[in-house]
Amino acid sequence: MDYTFSGLDNAQAYRITLVVDGNITVDGNAGTFVDNDENGAADTGASENTALIVNGTSQTGAKTVPAGTDDPASPSGVFPTNGEITFDVEGVAAGSVYPVIYHNGGASTFLEIGSAGVPSETYVVAAEVEVQ
């Protein structure tokens, strides 16, 4: 399934991650997230067991782009072209995930959230990917 996010700043790096449906409550393009380990970051769950983000030849498949090893002090991220980022999500096994795109503006590369599970960074939740 292809996703396109529009209206983005071409000079801003973004991260894309897949979150299992049990770790997010979605309301339109927003959501609240689970933080079971109480580290201040959204828990994505084992989304790589359900689906992977595929980005042409440079990305063979991942649950987060760029990888979690990206330096938070100088994040590489995904830069929009003409204000858009397009990526493909491919199913691996039965389950549901939600693609989330966010501006990495915090101290870590992860989507940072407050105690109520609401992100403190700018983000958007895309439509559910359901793999049969």
# chains A, B, ... in the order shown; residues from 1 in each chain; ligands from 1
>>> closest_atom_pairs(of="stretch 29-108 of chain A", to="stretch 125-128 of chain A", cutoff="9 Å", atoms="only C-alpha atoms", output="CSV")
residue,atom,partner,partner_atom,distance
A:Asn29,CA,A:Val125,CA,4.7
A:Ala30,CA,A:Val125,CA,5.6
A:Gly31,CA,A:Val125,CA,6.8
A:Ser96,CA,A:Glu128,CA,6.6
A:Val97,CA,A:Glu128,CA,5.8
A:Tyr98,CA,A:Glu128,CA,4.8
A:Pro99,CA,A:Ala126,CA,5.4
A:Val100,CA,A:Val125,CA,4.6
A:Ile101,CA,A:Val125,CA,6.7
A:Tyr102,CA,A:Val125,CA,8.9
>>> select_by_dssp(residues="chain A", states="helix (DSSP H, G or I)", output="ChimeraX atom specification")
/A:21-23,47-49,56-58
>>> residues_around(residues="A:Val34", least_positions_apart="3", cutoff="7 Å", atoms="only C-alpha atoms", output="list in words")
Asn23, Ile24, Ala42, Asp43 and Gly117 of chain A
>>> select_by_dssp(residues="chain A", states="strand (DSSP E)", output="PyMOL selection string")
chain A and resi 2-5+14-20+24-27+30-33+51-55+59-62+64-65+85-91+95-103+123-125+129-131
>>> residues_around(residues="A:Val131", least_positions_apart="2", cutoff="12 Å", atoms="only C-alpha atoms", output="number ranges by chain")
A: 1, 20-21, 47, 49-52, 89-98, 128-129
>>> residues_around(residues="A:Asn39", least_positions_apart="3", cutoff="12 Å", atoms="only C-alpha atoms", output="list of chain:residue names")
A:Val34, A:Asp35, A:Asn36, A:Ala42, A:Asp43, A:Ala107, A:Ser108, A:Phe110, A:Leu111, A:Glu112, A:Ile113, A:Gly114, A:Ser115, A:Gly117
>>> residues_around(residues="A:Tyr14", least_positions_apart="4", cutoff="6 Å", atoms="only C-alpha atoms", output="list of chain:residue names")
A:Gly77, A:Val78, A:Tyr102, A:His103
>>> residues_around(residues="A:Asp88", least_positions_apart="3", cutoff="6 Å", atoms="only C-alpha atoms", output="NGL selection string")
:A and (1-2 or 53-54)
>>> closest_residue(among="A:Asp9, A:Thr4, A:Ala46, A:Gly105", to="A:Gly83", atoms="only C-alpha atoms")
A:Asp9
>>> atom_distance(atom1="atom CA of A:Pro66", atom2="atom CA of A:Phe87")
12.4 Å
>>> closest_residue(among="A:Gly22, A:Gly106, A:Gly40, A:Pro80", to="A:Asn10", atoms="only C-alpha atoms")
A:Pro80
